[in-house]
Every structure is written in structure tokens, then in C-alpha cells.
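Quick look at coords_22.cif (mmCIF, C-alpha atoms and all ligand atoms):
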data_entry
#
loop_
_atom_site.group_PDB
_atom_site.id
_atom_site.type_symbol
_atom_site.label_atom_id
_atom_site.label_comp_id
_atom_site.auth_asym_id
_atom_site.auth_seq_id
_atom_site.Cartn_x
_atom_site.Cartn_y
_atom_site.Cartn_z
ATOM 1 C CA MET A 1 76.829 35.531 206.809
ATOM 2 C CA LYS A 2 75.903 32.842 204.279
ATOM 3 C CA THR A 3 78.864 31.681 202.156
ATOM 4 C CA PRO A 4 77.993 31.721 198.452
ATOM 5 C CA LEU A 5 77.541 28.261 196.993
ATOM 6 C CA THR A 6 80.212 27.196 194.554
ATOM 7 C CA PHE A 7 81.313 24.035 192.849
ATOM 8 C CA CYS A 8 84.359 24.123 195.147
ATOM 9 C CA HIS A 9 81.984 22.453 197.558
ATOM 10 C CA LEU A 10 82.231 19.512 195.205
ATOM 11 C CA HIS A 11 86.001 19.188 195.263
ATOM 12 C CA HIS A 12 85.755 16.418 197.839
ATOM 13 C CA LEU A 13 83.991 14.381 195.147
ATOM 14 C CA ARG A 14 86.962 14.614 192.816
ATOM 15 C CA ASN A 15 88.314 11.237 193.866
ATOM 16 C CA GLN A 16 85.056 9.474 194.472
ATOM 17 C CA ILE A 17 84.517 6.997 191.686
ATOM 18 C CA PRO A 18 80.931 7.224 190.472
ATOM 19 C CA GLY A 19 78.953 3.940 190.291
ATOM 20 C CA SER A 20 80.145 1.683 187.565
ATOM 21 C CA VAL A 21 82.577 3.949 185.783
ATOM 22 C CA MET A 22 85.487 2.041 184.278
ATOM 23 C CA TYR A 23 88.784 3.441 183.166
ATOM 24 C CA MET A 24 89.311 3.178 179.453
ATOM 25 C CA ARG A 25 91.637 4.820 177.010
ATOM 26 C CA ASN A 26 90.363 8.102 175.596
ATOM 27 C CA GLN A 27 88.353 7.725 172.481
ATOM 28 C CA THR A 28 87.300 10.137 169.799
ATOM 29 C CA LEU A 29 84.274 9.352 167.667
ATOM 30 C CA LYS A 30 85.196 6.424 165.458
ATOM 31 C CA SER A 31 84.273 6.761 161.798
ATOM 32 C CA SER A 32 82.017 3.698 162.062
ATOM 33 C CA THR A 33 80.086 5.319 164.929
ATOM 34 C CA ARG A 34 79.816 8.544 162.960
ATOM 35 C CA ARG A 35 78.443 6.654 159.960
ATOM 36 C CA SER A 36 75.823 4.972 162.105
ATOM 37 C CA LEU A 37 74.804 8.307 163.625
ATOM 38 C CA GLN A 38 74.480 9.789 160.146
ATOM 39 C CA SER A 39 72.454 6.909 158.848
ATOM 40 C CA GLY A 40 69.643 7.310 161.326
ATOM 41 C CA PHE A 41 70.951 6.741 164.886
ATOM 42 C CA LYS A 42 71.054 3.031 165.492
ATOM 43 C CA HIS A 43 71.469 1.651 168.947
ATOM 44 C CA ALA A 44 72.733 -1.879 169.538
ATOM 45 C CA LYS A 45 69.370 -3.063 170.876
ATOM 46 C CA ASN A 46 66.834 -0.936 169.061
ATOM 47 C CA VAL A 47 66.842 0.883 165.769
ATOM 48 C CA VAL A 48 64.925 4.085 166.223
ATOM 49 C CA LYS A 49 62.443 4.855 163.471
ATOM 50 C CA LYS A 50 62.856 8.175 161.701
ATOM 51 C CA GLN A 51 59.485 9.506 162.881
ATOM 52 C CA ASP A 52 60.490 8.711 166.479
ATOM 53 C CA LEU A 53 63.503 11.003 166.144
ATOM 54 C CA PHE A 54 61.069 13.904 165.870
ATOM 55 C CA ARG A 55 58.909 12.832 168.819
ATOM 56 C CA ASN A 56 59.376 14.180 172.285
ATOM 57 C CA PRO A 57 60.613 11.121 174.282
ATOM 58 C CA LEU A 58 58.458 12.275 177.197
ATOM 59 C CA SER A 59 55.385 11.147 175.265
ATOM 60 C CA LYS A 60 56.699 7.560 175.345
ATOM 61 C CA LEU A 61 56.827 7.612 179.134
ATOM 62 C CA GLN A 62 53.312 8.910 179.672
ATOM 63 C CA PRO A 63 51.599 5.487 179.221
ATOM 64 C CA TYR A 64 53.510 4.272 182.315
ATOM 65 C CA LEU A 65 51.675 6.738 184.524
ATOM 66 C CA GLN A 66 48.059 7.484 185.230
ATOM 67 C CA ILE A 67 48.672 11.155 185.955
ATOM 68 C CA PRO A 68 50.200 13.584 183.428
ATOM 69 C CA ILE A 69 54.013 13.745 183.777
ATOM 70 C CA LEU A 70 53.924 17.445 183.032
ATOM 71 C CA SER A 71 51.063 19.833 183.532
ATOM 72 C CA GLU A 72 49.936 21.966 180.597
ATOM 73 C CA GLU A 73 51.865 24.967 181.957
ATOM 74 C CA ASP A 74 55.004 22.822 182.224
ATOM 75 C CA GLU A 75 55.049 21.520 178.685
ATOM 76 C CA ILE A 76 55.601 24.817 177.017
ATOM 77 C CA PHE A 77 57.759 23.874 174.086
ATOM 78 C CA SER A 78 56.000 21.729 171.543
ATOM 79 C CA PRO A 79 57.123 22.658 168.012
ATOM 80 C CA THR A 80 55.405 21.510 164.824
ATOM 81 C CA GLN A 81 57.083 19.166 162.328
ATOM 82 C CA THR A 82 57.965 22.140 160.085
ATOM 83 C CA GLU A 83 59.524 23.985 163.015
ATOM 84 C CA LEU A 84 61.490 20.861 163.966
ATOM 85 C CA GLU A 85 62.830 20.615 160.405
ATOM 86 C CA LYS A 86 63.861 24.278 160.531
ATOM 87 C CA GLY A 87 65.588 23.798 163.892
ATOM 88 C CA ARG A 88 67.535 20.767 162.679
ATOM 89 C CA CYS A 89 68.584 22.585 159.528
ATOM 90 C CA LEU A 90 70.762 24.939 161.565
ATOM 91 C CA PHE A 91 72.850 21.969 162.675
ATOM 92 C CA ARG A 92 73.922 21.247 159.099
ATOM 93 C CA SER A 93 76.716 23.077 157.332
ATOM 94 C CA ASP A 94 75.683 24.766 154.126
ATOM 95 C CA LEU A 95 78.557 26.262 152.201
ATOM 96 C CA LYS A 96 76.189 27.931 149.712
ATOM 97 C CA THR A 97 74.580 30.021 152.423
ATOM 98 C CA LYS A 98 77.953 30.275 154.225
ATOM 99 C CA HIS A 99 76.449 28.571 157.260
ATOM 100 C CA GLU A 100 79.595 26.887 158.488
ATOM 101 C CA ILE A 101 79.807 24.807 161.652
ATOM 102 C CA LYS A 102 83.258 24.564 163.159
ATOM 103 C CA PHE A 103 85.314 24.231 166.282
ATOM 104 C CA HIS A 104 86.269 27.765 167.232
ATOM 105 C CA THR A 105 88.448 27.877 170.325
ATOM 106 C CA ALA A 106 89.310 26.251 173.659
ATOM 107 C CA VAL A 107 90.211 28.231 176.773
ATOM 108 C CA VAL A 108 90.890 27.526 180.419
ATOM 109 C CA ARG A 109 90.234 30.951 181.904
ATOM 110 C CA ALA A 110 86.928 32.601 181.140
ATOM 111 C CA THR A 111 88.496 36.033 181.681
ATOM 112 C CA THR A 112 90.675 35.585 178.587
ATOM 113 C CA LEU A 113 87.640 35.202 176.313
ATOM 114 C CA GLU A 114 86.741 37.850 173.812
ATOM 115 C CA ASP A 115 83.208 38.703 172.787
ATOM 116 C CA PHE A 116 82.185 36.549 169.814
ATOM 117 C CA GLN A 117 79.203 38.771 169.028
ATOM 118 C CA MET A 118 76.666 35.966 169.019
ATOM 119 C CA PRO A 119 74.515 34.161 171.585
ATOM 120 C CA GLU A 120 76.087 31.289 173.510
ATOM 121 C CA VAL A 121 74.529 28.131 174.902
ATOM 122 C CA ALA A 122 76.512 26.115 177.464
ATOM 123 C CA PHE A 123 76.414 22.482 178.614
ATOM 124 C CA LEU A 124 77.058 21.761 182.268
ATOM 125 C CA GLY A 125 76.867 18.572 184.313
ATOM 126 C CA ARG A 126 78.658 15.841 186.182
ATOM 127 C CA SER A 127 81.775 14.420 184.572
ATOM 128 C CA ASN A 128 80.774 11.557 182.260
ATOM 129 C CA VAL A 129 77.099 12.579 182.048
ATOM 130 C CA GLY A 130 77.352 12.949 178.263
ATOM 131 C CA LYS A 131 77.914 16.682 177.553
ATOM 132 C CA SER A 132 80.462 16.222 174.781
ATOM 133 C CA SER A 133 78.527 13.281 173.327
ATOM 134 C CA LEU A 134 75.388 15.394 173.113
ATOM 135 C CA ILE A 135 77.172 18.149 171.198
ATOM 136 C CA GLN A 136 78.795 15.514 168.989
ATOM 137 C CA ALA A 137 75.402 13.928 168.282
ATOM 138 C CA MET A 138 73.808 17.274 167.445
ATOM 139 C CA PHE A 139 76.627 17.831 164.928
ATOM 140 C CA SER A 140 76.471 14.295 163.557
ATOM 141 C CA GLU A 141 75.640 15.629 160.084
ATOM 142 C CA VAL A 142 78.703 17.873 160.048
ATOM 143 C CA PRO A 143 81.610 15.679 158.959
ATOM 144 C CA ASN A 144 84.486 18.002 159.914
ATOM 145 C CA VAL A 145 83.593 18.804 163.480
ATOM 146 C CA GLU A 146 85.366 16.616 165.971
ATOM 147 C CA VAL A 147 84.054 16.594 169.545
ATOM 148 C CA ARG A 148 86.105 14.420 171.847
ATOM 149 C CA VAL A 149 84.292 12.075 174.191
ATOM 150 C CA SER A 150 85.652 9.494 176.595
ATOM 151 C CA ARG A 151 84.473 6.761 178.929
ATOM 152 C CA LYS A 152 86.882 8.171 181.464
ATOM 153 C CA PRO A 153 85.177 10.893 183.568
ATOM 154 C CA GLY A 154 86.853 14.294 183.636
ATOM 155 C CA HIS A 155 87.970 14.173 180.029
ATOM 156 C CA THR A 156 86.993 17.682 178.911
ATOM 157 C CA LYS A 157 89.303 20.143 180.657
ATOM 158 C CA THR A 158 88.676 23.384 178.790
ATOM 159 C CA LEU A 159 85.765 25.543 177.674
ATOM 160 C CA ASN A 160 85.355 24.434 174.057
ATOM 161 C CA PHE A 161 83.498 26.710 171.669
ATOM 162 C CA PHE A 162 81.745 25.415 168.544
ATOM 163 C CA GLN A 163 80.494 28.050 166.176
ATOM 164 C CA VAL A 164 77.231 27.463 164.338
ATOM 165 C CA GLY A 165 77.369 29.826 161.380
ATOM 166 C CA LYS A 166 76.807 33.380 162.509
ATOM 167 C CA SER A 167 73.890 32.193 164.618
ATOM 168 C CA PHE A 168 75.280 30.991 167.963
ATOM 169 C CA SER A 169 78.036 29.067 169.753
ATOM 170 C CA LEU A 170 77.691 25.866 171.721
ATOM 171 C CA VAL A 171 80.068 25.619 174.672
ATOM 172 C CA ASP A 172 81.250 22.248 175.960
ATOM 173 C CA MET A 173 82.585 22.492 179.509
ATOM 174 C CA PRO A 174 84.516 20.411 182.039
ATOM 175 C CA GLY A 175 82.269 18.329 184.283
ATOM 176 C CA TYR A 176 81.909 18.646 188.043
ATOM 177 C CA GLY A 177 82.345 15.856 190.589
ATOM 178 C CA PHE A 178 84.769 13.011 189.934
ATOM 179 C CA ASN A 179 88.076 14.115 188.396
ATOM 180 C CA MET A 180 86.916 17.720 187.993
ATOM 181 C CA PRO A 181 89.775 20.057 187.066
ATOM 182 C CA GLU A 182 91.412 22.265 189.706
ATOM 183 C CA HIS A 183 90.656 25.292 187.562
ATOM 184 C CA PHE A 184 86.886 24.566 187.496
ATOM 185 C CA GLN A 185 86.053 27.747 189.377
ATOM 186 C CA GLU A 186 88.070 30.161 187.280
ATOM 187 C CA SER A 187 86.925 28.498 184.125
ATOM 188 C CA VAL A 188 83.339 27.181 184.396
ATOM 189 C CA GLU A 189 81.997 29.212 187.309
ATOM 190 C CA LYS A 190 83.587 32.423 186.077
ATOM 191 C CA TYR A 191 82.206 31.810 182.604
ATOM 192 C CA LEU A 192 78.676 31.204 183.927
ATOM 193 C CA GLN A 193 78.754 34.289 186.129
ATOM 194 C CA THR A 194 80.274 36.770 183.759
ATOM 195 C CA ARG A 195 79.454 35.896 180.163
ATOM 196 C CA ARG A 196 77.091 38.513 178.836
ATOM 197 C CA ARG A 197 75.936 36.625 175.756
ATOM 198 C CA LEU A 198 75.284 33.334 177.519
ATOM 199 C CA CYS A 199 71.604 32.934 176.781
ATOM 200 C CA ARG A 200 70.898 29.528 178.349
ATOM 201 C CA THR A 201 72.753 26.790 180.220
ATOM 202 C CA PHE A 202 71.713 23.171 179.884
ATOM 203 C CA ILE A 203 72.278 21.089 183.015
ATOM 204 C CA LEU A 204 72.639 17.446 182.090
ATOM 205 C CA ILE A 205 71.435 14.735 184.448
ATOM 206 C CA ASP A 206 72.117 11.052 183.761
ATOM 207 C CA GLY A 207 68.753 9.413 183.025
ATOM 208 C CA GLN A 208 69.949 6.102 184.427
ATOM 209 C CA VAL A 209 71.604 7.447 187.582
ATOM 210 C CA GLY A 210 69.139 10.252 188.344
ATOM 211 C CA LEU A 211 69.802 13.438 190.268
ATOM 212 C CA THR A 212 72.946 13.162 192.424
ATOM 213 C CA LYS A 213 74.022 15.328 195.370
ATOM 214 C CA ALA A 214 76.465 17.058 193.040
ATOM 215 C CA ASP A 215 73.626 17.856 190.613
ATOM 216 C CA GLU A 216 71.555 19.305 193.431
ATOM 217 C CA VAL A 217 74.459 21.613 194.334
ATOM 218 C CA GLY A 218 74.635 22.531 190.638
ATOM 219 C CA LEU A 219 70.940 23.431 190.481
ATOM 220 C CA LYS A 220 71.153 25.430 193.716
ATOM 221 C CA MET A 221 74.134 27.307 192.432
ATOM 222 C CA MET A 222 72.351 28.265 189.231
ATOM 223 C CA GLU A 223 69.463 29.564 191.335
ATOM 224 C CA GLU A 224 71.855 31.548 193.544
ATOM 225 C CA PHE A 225 73.664 33.061 190.580
ATOM 226 C CA LYS A 226 70.293 33.669 188.861
ATOM 227 C CA ILE A 227 71.433 31.972 185.674
ATOM 228 C CA PRO A 228 68.582 30.637 183.501
ATOM 229 C CA TYR A 229 68.924 26.914 182.899
ATOM 230 C CA VAL A 230 67.171 23.937 181.386
ATOM 231 C CA VAL A 231 67.468 20.329 182.571
ATOM 232 C CA VAL A 232 68.312 17.600 180.063
ATOM 233 C CA MET A 233 68.185 13.914 180.991
ATOM 234 C CA THR A 234 70.802 11.969 179.048
ATOM 235 C CA LYS A 235 71.444 8.327 178.092
ATOM 236 C CA ILE A 236 67.749 7.465 177.870
ATOM 237 C CA ASP A 237 68.607 4.511 175.611
ATOM 238 C CA LYS A 238 70.463 2.941 178.521
ATOM 239 C CA ALA A 239 67.946 3.548 181.277
ATOM 240 C CA GLY A 240 65.001 1.192 181.624
ATOM 241 C CA ARG A 241 61.600 2.879 181.254
ATOM 242 C CA HIS A 242 60.755 2.495 184.945
ATOM 243 C CA THR A 243 64.107 3.877 186.082
ATOM 244 C CA LEU A 244 63.679 6.798 183.744
ATOM 245 C CA VAL A 245 60.149 7.564 184.948
ATOM 246 C CA SER A 246 61.262 7.314 188.569
ATOM 247 C CA ASN A 247 64.304 9.591 188.000
ATOM 248 C CA LEU A 248 62.177 12.042 186.079
ATOM 249 C CA LEU A 249 59.579 12.182 188.856
ATOM 250 C CA SER A 250 62.325 12.700 191.466
ATOM 251 C CA PHE A 251 63.659 15.608 189.460
ATOM 252 C CA LEU A 252 60.165 17.107 189.091
ATOM 253 C CA GLU A 253 59.792 16.890 192.865
ATOM 254 C CA VAL A 254 63.090 18.724 193.421
ATOM 255 C CA ARG A 255 62.112 21.244 190.781
ATOM 256 C CA LYS A 256 58.810 21.917 192.540
ATOM 257 C CA ASN A 257 60.346 22.283 196.001
ATOM 258 C CA SER A 258 63.780 23.780 195.490
ATOM 259 C CA THR A 259 63.988 25.634 192.203
ATOM 260 C CA GLY A 260 62.709 29.042 191.198
ATOM 261 C CA HIS A 261 62.216 31.078 188.059
ATOM 262 C CA CYS A 262 65.661 30.271 186.644
ATOM 263 C CA CYS A 263 64.652 26.688 185.861
ATOM 264 C CA PHE A 264 62.784 26.149 182.593
ATOM 265 C CA PRO A 265 59.838 23.964 183.638
ATOM 266 C CA GLN A 266 60.059 21.449 180.814
ATOM 267 C CA PRO A 267 62.903 18.931 181.012
ATOM 268 C CA PHE A 268 64.302 17.454 177.805
ATOM 269 C CA LEU A 269 65.141 13.772 177.389
ATOM 270 C CA VAL A 270 67.863 12.699 174.976
ATOM 271 C CA SER A 271 70.001 9.840 173.802
ATOM 272 C CA SER A 272 73.185 10.646 171.936
ATOM 273 C CA LYS A 273 73.338 7.019 170.857
ATOM 274 C CA SER A 274 69.853 6.546 169.435
ATOM 275 C CA GLY A 275 69.243 10.182 168.495
ATOM 276 C CA GLU A 276 65.947 10.362 170.390
ATOM 277 C CA GLY A 277 65.080 13.819 171.662
ATOM 278 C CA LEU A 278 67.781 15.572 169.657
ATOM 279 C CA ALA A 279 65.451 17.254 167.138
ATOM 280 C CA ILE A 280 63.338 18.956 169.804
ATOM 281 C CA LEU A 281 66.464 20.054 171.693
ATOM 282 C CA GLN A 282 68.070 21.425 168.518
ATOM 283 C CA THR A 283 64.845 23.298 167.753
ATOM 284 C CA PHE A 284 64.732 24.672 171.285
ATOM 285 C CA ILE A 285 68.309 25.954 170.923
ATOM 286 C CA ALA A 286 67.389 27.510 167.568
ATOM 287 C CA TYR A 287 64.403 29.154 169.255
ATOM 288 C CA ILE A 288 66.152 30.563 172.354
ATOM 289 C CA THR A 289 68.985 31.972 170.261
ATOM 290 C CA GLY A 290 66.441 33.838 168.132
ATOM 291 C CA CYS A 291 67.094 31.864 164.933
ATOM 292 C CA ILE A 292 63.567 30.544 164.414
ATOM 293 C CA HIS A 293 60.067 31.504 165.392
ATOM 294 C CA VAL A 294 57.906 28.911 167.112
ATOM 295 C CA GLU A 295 54.104 29.353 166.970
ATOM 296 C CA GLY A 296 52.280 29.653 170.243
ATOM 297 C CA LEU A 297 55.244 30.969 172.235
HETATM 298 N N1 LIG B 1 74.425 4.652 176.039
HETATM 299 C C1 LIG B 1 74.754 5.938 176.005
HETATM 300 N N2 LIG B 1 76.007 6.314 176.334
HETATM 301 C C2 LIG B 1 76.311 7.640 176.289
HETATM 302 C C3 LIG B 1 75.374 8.618 175.907
HETATM 303 N N3 LIG B 1 75.970 9.827 175.984
HETATM 304 C C4 LIG B 1 77.233 9.600 176.368
HETATM 305 N N4 LIG B 1 77.454 8.301 176.563
HETATM 306 C C5 LIG B 1 78.712 7.663 176.986
HETATM 307 O O1 LIG B 1 79.082 8.243 178.243
HETATM 308 C C6 LIG B 1 80.507 8.396 178.316
HETATM 309 C C7 LIG B 1 80.855 9.830 178.660
HETATM 310 O O2 LIG B 1 80.474 10.672 177.610
HETATM 311 P P1 LIG B 1 81.063 12.150 177.427
HETATM 312 O O3 LIG B 1 80.244 12.796 176.374
HETATM 313 O O4 LIG B 1 82.526 12.129 177.204
HETATM 314 O O5 LIG B 1 80.741 12.778 178.854
HETATM 315 P P2 LIG B 1 81.093 14.247 179.384
HETATM 316 O O6 LIG B 1 79.928 14.728 180.174
HETATM 317 O O7 LIG B 1 81.528 15.119 178.265
HETATM 318 O O8 LIG B 1 82.269 13.931 180.375
HETATM 319 P P3 LIG B 1 83.508 14.873 180.869
HETATM 320 O O9 LIG B 1 84.103 15.527 179.675
HETATM 321 O O10 LIG B 1 84.410 13.912 181.515
HETATM 322 O O11 LIG B 1 82.933 15.868 181.845
HETATM 323 C C8 LIG B 1 81.043 7.939 176.942
HETATM 324 O O12 LIG B 1 81.491 6.617 177.061
HETATM 325 C C9 LIG B 1 79.836 8.033 176.029
HETATM 326 O O13 LIG B 1 79.888 7.114 174.938
HETATM 327 C C10 LIG B 1 74.046 8.186 175.555
HETATM 328 O O14 LIG B 1 73.147 8.945 175.216
HETATM 329 N N5 LIG B 1 73.810 6.836 175.619
HETATM 330 MG MG MG B 2 83.289 16.103 177.894
#
What's the C-alpha cells form of this structure?
Amino acid sequence: MKTPLTFCHLHHLRNQIPGSVMYMRNQTLKSSTRRSLQSGFKHAKNVVKKQDLFRNPLSKLQPYLQIPILSEEDEIFSPTQTELEKGRCLFRSDLKTKHEIKFHTAVVRATTLEDFQMPEVAFLGRSNVGKSSLIQAMFSEVPNVEVRVSRKPGHTKTLNFFQVGKSFSLVDMPGYGFNMPEHFQESVEKYLQTRRRLCRTFILIDGQVGLTKADEVGLKMMEEFKIPYVVVMTKIDKAGRHTLVSNLLSFLEVRKNSTGHCCFPQPFLVSSKSGEGLAILQTFIAYITGCIHVEGL
């Protein structure tokens, strides 16, 4: 009989140091970094123009290829400027409308969780891929929400819930692979398999590193558990254009050959440093949680 796939298969990777990861002291978001995120997402090398923050980063890669990166059926989510503005709005606290964004709770065991009576969206991926940074960047206009990030892989050890008004919760999770916690199965896997209000899981892939063996196990497991997921490529500010195109094409190949209906066909590309791709992702989250309507879908 076939043994069900689980992230326990990845425990041997716990002590395998990924690529160029260096050990550094833990860091929370410094106030200077937060200010730069708030004032329009500046990256050391390139300052991203405001209109670019609303563009889908995929469109920047297209000129590097003579064939369309995505077919028409693949690029399903393409909101208008007004819809993007509406999506982003949800990621701002508004005390007048009582739309408050806050850290809610952190747990180790998924079985101890109560029902929060709202949709949940979870972030899964290799340790150090940028899960916490992505949530932090999406909340960059909310001064009181602190999301801890670190250069040291395996930093997030608990399921961390961030409540976005009465609309939905975002769930930051421990990463798999290097330095993954012993309790990964009873926390992350249990959560993914049992949570009734989990409406979508985002699987983050490092745009510079590309799909790793651990990520492939992750994708397969989602297919086996029949959990709907969406792929997000992170750190696009760091990856050269050619690396990014090549990693994106490799993922599309794997998607075509080894994924089924659980995988949303359109991948999202983001940078938590420059802010590129965040608006479309925020709008997608607003859409899948039923908070906004998007024409043509
Ligand atoms: N250049 C760049 N660096 C990033 C980006 N996102 C995250 N990082 C860096 O990557 C490192 C890991 O980020 P985290 O957000 O803590 O990663 P994580 O996936 O939450 O990691 P674990 O909690 O260990 O599973 C940090 O040093 C971040 O500053 C990005 O978009 N661009
Ligand atoms: Mg983290």
C-alpha cells in the first residue's frame, strides 16, 4: 500500500544548510525599514515607481520570451486599477469603520485552535523563503502589527494568526526543510488537513533559487491532500531577470506535468523589499475571501 506523503519525508533536510544562508541574529522589522516600506517600497538598487506597484510583475518578464509565459486560460486574475485599490484598502486599518488589523494568536498544535468564524489564508514554504516578510510587507501600512522575520532559516515556530478586520485571517507558518520544527506535522500538516475555513494556501517558492526537491514534495502533498493552493515566487528583486524567467518556466513545466486541479494556474511574483506584485496578491486574497468582486471572474 502507498504510504501517504508527508513533510516528515523532509526531516532529513533539517540539518542541510541551504545554499548561501548565513547565520545572523534574529531581527524584527527595524523602524527605518518600515518607514521605507511605507514611503513607496525602495530597494537598494532600484526605486520602484508607484505605477509599477500595481503592475503584474509577470508582464515585465514577457519581453524576454518570444512565446507567451502564460496562456490566456492560465492568466485568469487580472483586476482593474479600481479593483486593485479596493483590494489594497483591506490591508489598511480604519478605526472609523472598525476595520482593525492585528496579531490574534499563536499556537503550536492545530487541534487546540478554535473556530474564528472567518475565512483563513495560509502561507507555506521552505524555511527562509520569505513567508513572514510577505505578510509583513502586505501590512506595511499598519503601524502596530509586528511580524517577525529573520535571516536565520526556521525562525517561525508557531502558527501565527493575523486578523484583518472581520474579513479574514492570514496565517504565517513554520517553514519546511532546513531547521524545520519537530512539531511540523502536528502543527502545519494537521492545520492544512483539518481546518474547515482555510480557503486557500499560498506555497512560496524562492524566485532566485527556484523549485527545490522540498518544494516538489510540498506541491505533491497538497495534491494528495486535495488542498487548493496558489504558487507565489518571492524575492524577485534579488533574482536576475533571466534566472527568474528560467525558474518560472521550470515551475510551469512541473505544474503542467505533475499538478492537478488543486493548483491555481496563475503564479504570482512578489518582492517584499520593493513591493512589486503585492497589490495584485492583496487583491487576489480580497477576492478569494469574498471581500471584493472582480469583473470577468
Ligand atoms: N531581497 C529580498 N529579501 C527577502 C524578501 N523576502 C524575504 N527576504 C529575506 O529573506 C530572509 C527570510 O525571510 P523570512 O520572511 O523570515 O522567511 P520565512 O519564510 O518566514 O522563514 P522561516 O520563518 O524561517 O520559515 C530575511 O532575511 C528577509 O529579509 C524579498 O522579497 N527580497
Ligand atoms: Mg517566518
Hey, could you make a per-residue contact list for stretch 183-258 of chain A against stretch 149-157 of chain A with 10 Å as the cut-off, showing the nearest pair of atoms and its distance in Å to one decimal, counting all atoms listed in the file, sorted by chain and number, as JSON lines?
{"residue": "A:His183", "atom": "CA", "partner": "A:Lys157", "partner_atom": "CA", "distance": 8.7}
{"residue": "A:Phe184", "atom": "CA", "partner": "A:Lys157", "partner_atom": "CA", "distance": 8.5}
{"residue": "A:Ser187", "atom": "CA", "partner": "A:Lys157", "partner_atom": "CA", "distance": 9.4}
{"residue": "A:Val188", "atom": "CA", "partner": "A:Lys157", "partner_atom": "CA", "distance": 10.0}
| request: Please determine the residues with any atom at most 9 Å from (84.9, 15.6, 187.0) (coordinates as given in the file, with all atoms listed in the file counting) and report them as an NGL selection string. | output: :A and (13-15 or 125-128 or 153-157 or 174-181)
| task | Find the residue from A:Gly296, A:Gly130, A:Gly207, A:Gly165 that sits nearest to ligand LIG 1 (chain B); use only C-alpha atoms and all ligand atoms when measuring. | result |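 The answer is A:Gly130, which sits nearest to ligand LIG 1 (chain B).
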| said: Going by the chain IDs and residue numbers used in this file, which residues fall under the PyMOL selection byres (((chain A and resi 243) around 12) and not hetatm)? Write them as a VMD selection string. | reply: chain A and resid 61 64 206 to 211 233 235 to 242 244 to 250
| What is the atom CA of A:Leu278-atom CA of A:Leu95 distance in Å, reported with one decimal? | 23.1 Å
| query | Nearest to A:Lys166 among A:Gln193, A:Thr97, A:Gln185, A:Ser78, with distances taken over all atoms listed in the file: which residue is it? | reply |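 Of all the options, A:Thr97 lies closest to A:Lys166.
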| task | Would you kindly translate the PyMOL selection byres (((chain A and resi 271) around 8) and not hetatm) into the concrete residues it picks from this file, as a PyMOL selection string? | result | chain A and resi 134+234-237+269-270+272-278
| said: Residues near A:Lys86, anyone? I mean within 9 Å using only C-alpha atoms, not counting same-chain ones fewer than 6 positions away, as a PyMOL selection string. | reply: chain A and resi 283+286+292
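Here the question is which of A:Gln266, A:Thr194, A:Asn160, A:Ser71 gets nearest to ligand LIG 1 (chain B) using all atoms listed in the file, and that residue is A:Asn160.
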| Selected residue, from A:Phe161, A:Asn56, A:Lys256, A:Thr201, that lies nearest to A:Lys226 when counting all atoms listed in the file | A:Thr201
Box time for stretch 193-209 of chain A: axis-aligned, enclosing all its listed atoms, 3 Å extra on each side; report centre and edge lengths in Å to one decimal, as lines of an AutoDock Vina configuration file.
center_x = 74.5
center_y = 22.3
center_z = 181.7
size_x = 17.5
size_y = 38.4
size_z = 17.8
| said: List the spatial neighbours of A:Ser93 as a list in words - criterion: any atom at most 10 Å away, all atoms listed in the file, same-chain residues fewer than 3 positions off excluded. | reply: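 Non-adjacent residues within range: Cys89, Leu90, Lys96, Thr97, Lys98, His99, Glu100, Ile101, Lys102, Phe139, Glu141, Val142, Pro143, Asn144, Val164 and Gly165 of chain A.
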| said: Expand the PyMOL selection byres (((chain A and resi 202) around 12) and not hetatm) into the explicit residue set it covers here, and present it as JSON, numbers by chain. | reply: {"A": [120, 121, 122, 123, 124, 125, 126, 130, 131, 134, 135, 170, 171, 172, 173, 192, 198, 199, 200, 201, 203, 204, 205, 218, 219, 222, 227, 228, 229, 230, 231, 232, 233, 234, 262, 263, 264, 266, 267, 268, 269, 281, 284, 285, 288]}
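Minimum atom-to-atom distance to ligand LIG 1 (chain B), evaluated using all atoms listed in the file, belongs to A:Arg148 out of A:Arg109, A:Arg148, A:Arg92, A:Arg197.
For the set A:Gly87, A:Arg255, A:Phe225, A:Ser59, the residue with the smallest atom-to-atom gap to A:Glu75 is A:Ser59, counting all atoms listed in the file.
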| Point-to-point distance from atom CA of A:Thr112 to atom CA of A:Val145, Å rounded to tenths | 23.7 Å
| Suppose you want the space between atom C3 of ligand LIG 1 (chain B) and atom CA of A:Asn257; what is it in Å? | 28.6 Å
